[in-house]
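Asks: Structure below; questions to follow.
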Amino acid sequence: MTTVGFIGAGKVTQALIKGLLSSGAVTPSRIYASSKTEHSLQKLKVFGVNTCLDNLWTVKNSNITVLALKPQMFPKVLSEIAPAVGPNNIIVSVAAGVTIDSIQQRLPHHAKVVRAMLNTAVQIRDGAICYSTGRNIVDADQELVHRFFTSVGLTLESEEKHLDAVVGLSGSAPAYFYLILEALSDAGVRHGLSRDVSTRHASQAMLGAARMVVGIPRQGGSKSDLPEVGCPYKLKDEVCSPGGVTINAIYSLEKAGVRAAMMDAVDACIKRNYELARLNE
């Protein structure tokens with residue numbers, strides 16, 4: 001049975017552990033986690049997982065070791081764990097701006113490295129994950145990694161050169177959507193709705209729209225209940241009656257530059273990711 005290790009005890013680690021335990025893919029006794037202080041490990045102990053201050057201990061006990069660290073911490077931690085990385089260990093980085101090559105250079109030549117980008121929705125098993133594999137990953141390793149991530153969300157494999165775009169798109173996108181939801185909720189409150197009612201309606205509208213695009217019916221429903229999916233512009237047009245209220249709202253959004261602002265946000269995120277990559281070369 002697979003054992004999973006985490007080096008770093010931050011939000012990404014907490015989200016992944018929540019999702020993995022919820023999925024039943026792994027039990028608490030088969031999760032090992034380490035961090036530099038006991039204080040940082042307290043938030044992980046509530047899950048019943050094994051914890052320690054020794055990163056070597058985590059690698060030695062894990063088939064898959066997830067490096068959930070800030071980019072600037074990688075050189076030190078990689079040098080520390082290198083002696084424990086064997087030919088059967090899979091090292092998975094979930095840090096922005098840290099390339100597979102930069103990781104492999106600091107580990108033994110046989111090191112198996114995977115780089116993945118994900119978002120915090122993995123904690124409810126609804127994440128978006130994209131990963132790339134290093135030169136030593138064989139088919140069995142790839143299948144193991146894919147199953148690991150599939151247990152917590154939509155998982156796609158990609159060439160590493162595309163991961164930077166994924167960071168700006170789905171990796172950081174929850175924050176964009178929370179900002180939009182907050183604004184919609186404020187609009188509802190402005191027009192007399194309670195905060196709770198306004199937030200619930202805005203959230204459900206966004207959730208329903210996303211399900212229409214990806215073709216996922218609500219629980220108990222059927223895909224045959226859904227219209228044509230996969231084309232946001234077509235679905236948008238179905239809501240916009242000629243001369244109606246929605247097309248006027250869309251006009252207002254376009255006039256305010258919302259479309260360009262969203263694209264600029266993704267560009268800004270990707271730019272910062274490139275900057276982090278250069279700092280870690």
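Residues are named by chain letter and number: chains run A, B, ... in the order of the structure tokens, numbers start at 1 in each chain, and ligands are numbered from 1 in the order shown.
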Step one, run DSSP on the backbone; step two, keep only residues of stretch 90-251 of chain A assigned to alpha helix (DSSP H); then write them as a PyMOL selection string.
Replies: chain A and resi 100-104+139-150+163-166+173-190+195-214+232-239+245-251
Asks: Need the shell around A:Ser132: protein/DNA/RNA residues with any atom at most 8 Å away, counting only C-alpha atoms. Skip same-chain ones fewer than 2 positions apart. Format as a ChimeraX atom specification?
Replies: /A:114-116,130,134,157-160,163
Asks: List the spatial neighbours of A:Arg278 as a list of chain:residue names - criterion: any atom at most 9 Å away, only C-alpha atoms, same-chain residues fewer than 3 positions off excluded.
Replies: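 Here the qualifying residues turn out to be A:Gly97, A:Val98, A:Asn273, A:Tyr274, A:Glu275, A:Glu281.
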Asks: Which residues are near A:Lys76? Cut-off 12 Å, only C-alpha atoms, ignore same chain within fewer than 6 positions. Put them as a PyMOL selection string.
Replies: chain A and resi 55+69-70+82+103+106-107+280
Asks: Leaving out A:Leu53 and any residue of its chain fewer than 4 positions from it, which residues lie within 7 Å of it when counting only C-alpha atoms, given as a ChimeraX atom specification?
Replies: /A:34-37
Asks: Let's have the selection written as a PDB file, in the first residue's frame, with N, CA, C and O atoms.
Replies:
ATOM      1  N   SER A  34       6.698  16.189   7.990  1.00  0.00           N
ATOM      2  CA  SER A  34       7.742  16.841   8.781  1.00  0.00           C
ATOM      3  C   SER A  34       7.784  18.326   8.458  1.00  0.00           C
ATOM      4  O   SER A  34       7.408  18.764   7.371  1.00  0.00           O
ATOM      5  N   SER A  35       8.248  19.079   9.433  1.00  0.00           N
ATOM      6  CA  SER A  35       8.410  20.518   9.275  1.00  0.00           C
ATOM      7  C   SER A  35       9.509  20.953  10.236  1.00  0.00           C
ATOM      8  O   SER A  35       9.999  20.156  11.044  1.00  0.00           O
ATOM      9  N   LYS A  36       9.870  22.215  10.177  1.00  0.00           N
ATOM     10  CA  LYS A  36      11.019  22.655  10.968  1.00  0.00           C
ATOM     11  C   LYS A  36      10.694  22.954  12.421  1.00  0.00           C
ATOM     12  O   LYS A  36      11.601  23.072  13.247  1.00  0.00           O
ATOM     13  N   THR A  37       9.396  23.102  12.752  1.00  0.00           N
ATOM     14  CA  THR A  37       9.025  23.387  14.143  1.00  0.00           C
ATOM     15  C   THR A  37       7.820  22.551  14.562  1.00  0.00           C
ATOM     16  O   THR A  37       6.977  22.206  13.732  1.00  0.00           O
TER      17      THR A  37
END
Asks: Quick one: residues within 12 Å of A:Glu143, only C-alpha atoms, excluding same-chain residues fewer than 5 positions away - as an MDAnalysis selection string?
Replies: chainID A and resid 90 133 137:138 148:150 155:157
Asks: Using DSSP on the backbone, list every residue of stretch 31-257 of chain A that comes out as strand (DSSP E), and give them as a short mmCIF file (atom, residue, chain, number, x, y, z; two decimals) with N, CA, C and O atoms, in the first residue's frame.
Replies:
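Listing of part-v4.cif after writing:
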data_model
loop_
_atom_site.label_atom_id
_atom_site.label_comp_id
_atom_site.auth_asym_id
_atom_site.auth_seq_id
_atom_site.Cartn_x
_atom_site.Cartn_y
_atom_site.Cartn_z
N ILE A 31 0.45 8.24 6.35
CA ILE A 31 0.88 9.59 5.97
C ILE A 31 1.94 10.06 6.97
O ILE A 31 1.75 9.98 8.18
N TYR A 32 3.05 10.54 6.44
CA TYR A 32 4.17 11.03 7.25
C TYR A 32 4.43 12.48 6.89
O TYR A 32 4.42 12.85 5.71
N ALA A 33 4.62 13.31 7.90
CA ALA A 33 4.83 14.74 7.63
C ALA A 33 5.90 15.30 8.54
O ALA A 33 5.99 14.94 9.72
N SER A 34 6.70 16.19 7.99
CA SER A 34 7.74 16.84 8.78
C SER A 34 7.78 18.33 8.46
O SER A 34 7.41 18.76 7.37
N ASN A 50 1.32 10.75 11.06
CA ASN A 50 2.62 10.68 11.73
C ASN A 50 3.40 11.96 11.47
O ASN A 50 3.50 12.41 10.32
N THR A 51 3.97 12.54 12.51
CA THR A 51 4.71 13.79 12.34
C THR A 51 6.08 13.70 13.00
O THR A 51 6.29 12.93 13.93
N CYS A 52 7.00 14.52 12.49
CA CYS A 52 8.37 14.51 13.01
C CYS A 52 9.06 15.79 12.54
O CYS A 52 8.61 16.44 11.59
N ILE A 64 5.77 8.19 -1.96
CA ILE A 64 5.64 9.50 -2.60
C ILE A 64 5.91 10.57 -1.54
O ILE A 64 5.27 10.57 -0.48
N THR A 65 6.84 11.46 -1.81
CA THR A 65 7.13 12.55 -0.89
C THR A 65 6.80 13.87 -1.56
O THR A 65 7.37 14.20 -2.61
N VAL A 66 5.87 14.60 -0.99
CA VAL A 66 5.44 15.89 -1.54
C VAL A 66 6.23 17.01 -0.88
O VAL A 66 6.23 17.15 0.35
N LEU A 67 6.90 17.81 -1.70
CA LEU A 67 7.63 18.97 -1.20
C LEU A 67 6.71 20.19 -1.32
O LEU A 67 6.54 20.75 -2.41
N ILE A 90 9.48 8.63 -5.04
CA ILE A 90 9.01 9.62 -6.01
C ILE A 90 8.90 10.95 -5.28
O ILE A 90 8.16 11.07 -4.28
N ILE A 91 9.63 11.93 -5.75
CA ILE A 91 9.63 13.26 -5.15
C ILE A 91 8.71 14.17 -5.97
O ILE A 91 8.92 14.36 -7.17
N VAL A 92 7.69 14.71 -5.33
CA VAL A 92 6.70 15.55 -6.01
C VAL A 92 6.80 16.98 -5.47
O VAL A 92 6.61 17.22 -4.28
N SER A 93 7.10 17.91 -6.35
CA SER A 93 7.13 19.33 -5.97
C SER A 93 5.81 19.99 -6.35
O SER A 93 5.31 19.79 -7.46
N LYS A 112 13.57 10.17 -8.90
CA LYS A 112 12.34 10.26 -9.69
C LYS A 112 11.59 11.51 -9.24
O LYS A 112 11.17 11.60 -8.09
N VAL A 113 11.42 12.46 -10.16
CA VAL A 113 10.87 13.76 -9.81
C VAL A 113 9.62 14.07 -10.62
O VAL A 113 9.57 13.83 -11.83
N VAL A 114 8.63 14.60 -9.95
CA VAL A 114 7.39 15.05 -10.57
C VAL A 114 7.14 16.47 -10.11
O VAL A 114 7.34 16.81 -8.94
N ARG A 115 6.72 17.30 -11.04
CA ARG A 115 6.32 18.67 -10.69
C ARG A 115 4.83 18.81 -10.94
O ARG A 115 4.34 18.45 -12.01
N ALA A 116 4.12 19.32 -9.96
CA ALA A 116 2.66 19.44 -10.09
C ALA A 116 2.19 20.82 -9.66
O ALA A 116 2.76 21.43 -8.75
N MET A 117 1.15 21.28 -10.31
CA MET A 117 0.48 22.51 -9.93
C MET A 117 -0.96 22.15 -9.56
O MET A 117 -1.62 21.40 -10.28
N GLY A 127 -10.27 19.58 -6.77
CA GLY A 127 -9.16 20.39 -7.23
C GLY A 127 -8.91 20.28 -8.72
O GLY A 127 -9.50 19.46 -9.42
N ALA A 128 -8.02 21.14 -9.20
CA ALA A 128 -7.54 21.08 -10.59
C ALA A 128 -6.03 20.87 -10.51
O ALA A 128 -5.32 21.71 -9.97
N ILE A 129 -5.57 19.73 -11.01
CA ILE A 129 -4.16 19.35 -10.89
C ILE A 129 -3.57 19.09 -12.27
O ILE A 129 -4.19 18.45 -13.11
N CYS A 130 -2.38 19.61 -12.48
CA CYS A 130 -1.65 19.33 -13.71
C CYS A 130 -0.22 18.98 -13.32
O CYS A 130 0.36 19.64 -12.45
N TYR A 131 0.35 17.95 -13.91
CA TYR A 131 1.69 17.53 -13.51
C TYR A 131 2.54 17.15 -14.71
O TYR A 131 2.04 16.82 -15.78
N SER A 132 3.85 17.22 -14.49
CA SER A 132 4.84 16.79 -15.48
C SER A 132 5.83 15.87 -14.80
O SER A 132 6.08 16.00 -13.59
N THR A 133 6.40 14.95 -15.55
CA THR A 133 7.30 13.96 -14.97
C THR A 133 8.73 14.14 -15.44
O THR A 133 8.99 14.58 -16.56
N GLY A 153 -9.03 15.36 -7.29
CA GLY A 153 -9.52 16.31 -8.28
C GLY A 153 -9.23 15.92 -9.72
O GLY A 153 -8.67 14.85 -10.00
N LEU A 154 -9.63 16.80 -10.62
CA LEU A 154 -9.36 16.62 -12.05
C LEU A 154 -7.85 16.66 -12.28
O LEU A 154 -7.19 17.62 -11.89
N THR A 155 -7.31 15.62 -12.89
CA THR A 155 -5.85 15.51 -13.03
C THR A 155 -5.48 15.31 -14.49
O THR A 155 -5.99 14.43 -15.17
N LEU A 156 -4.57 16.15 -14.96
CA LEU A 156 -4.08 16.07 -16.34
C LEU A 156 -2.56 16.09 -16.34
O LEU A 156 -1.94 16.76 -15.52
N GLU A 157 -1.98 15.34 -17.28
CA GLU A 157 -0.53 15.38 -17.46
C GLU A 157 -0.21 16.35 -18.58
O GLU A 157 -0.98 16.48 -19.55
#
Asks: Can you work out which one of A:Ser151, A:Arg259, A:Pro83, A:Cys231 has the shortest atom-to-atom distance to A:Arg125, counting only C-alpha atoms?
Replies: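 Among A:Ser151, A:Arg259, A:Pro83, A:Cys231, it is A:Ser151 that comes nearest to A:Arg125.
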Asks: Expressed in Å to a single decimal, how great is the separation between atom CA of A:Pro232 and atom CA of A:Ala173?
Replies: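 Atom CA of A:Ala173 lies at a distance of 16.6 Å from atom CA of A:Pro232.
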Asks: For stretch 15-19 of chain A, work out the shell of residues within 7 Å, counting only C-alpha atoms and skipping chain neighbours fewer than 5 positions away, then give it as a ChimeraX atom specification.
Replies: /A:120,122-125,152
Asks: At what distance in Å, to one decimal, does atom CA of A:Asn136 lie from atom CA of A:Lys161?
Replies: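 Interatomic distance, atom CA of A:Lys161 to atom CA of A:Asn136: 17.9 Å.
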Asks: Atom CA of A:Gly5 and atom CA of A:Gly86 are how many Å apart?
Replies: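 For atom CA of A:Gly5 relative to atom CA of A:Gly86, the distance reads 14.2 Å.
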Asks: With distances taken over only C-alpha atoms, which residue among A:Met73, A:Ile81, A:Leu179, A:Val12 lies nearest A:Asn119?
Replies: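 Looking only at the distances to A:Asn119, the closest residue turns out to be A:Val12.
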Asks: Select, from A:Val266, A:Ser194, A:Asp237, A:Gly230, the residue with the minimum atom-to-atom distance to A:Ala210, counting only C-alpha atoms.
Replies: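 Of the candidates, the smallest distance to A:Ala210 is held by A:Gly230.
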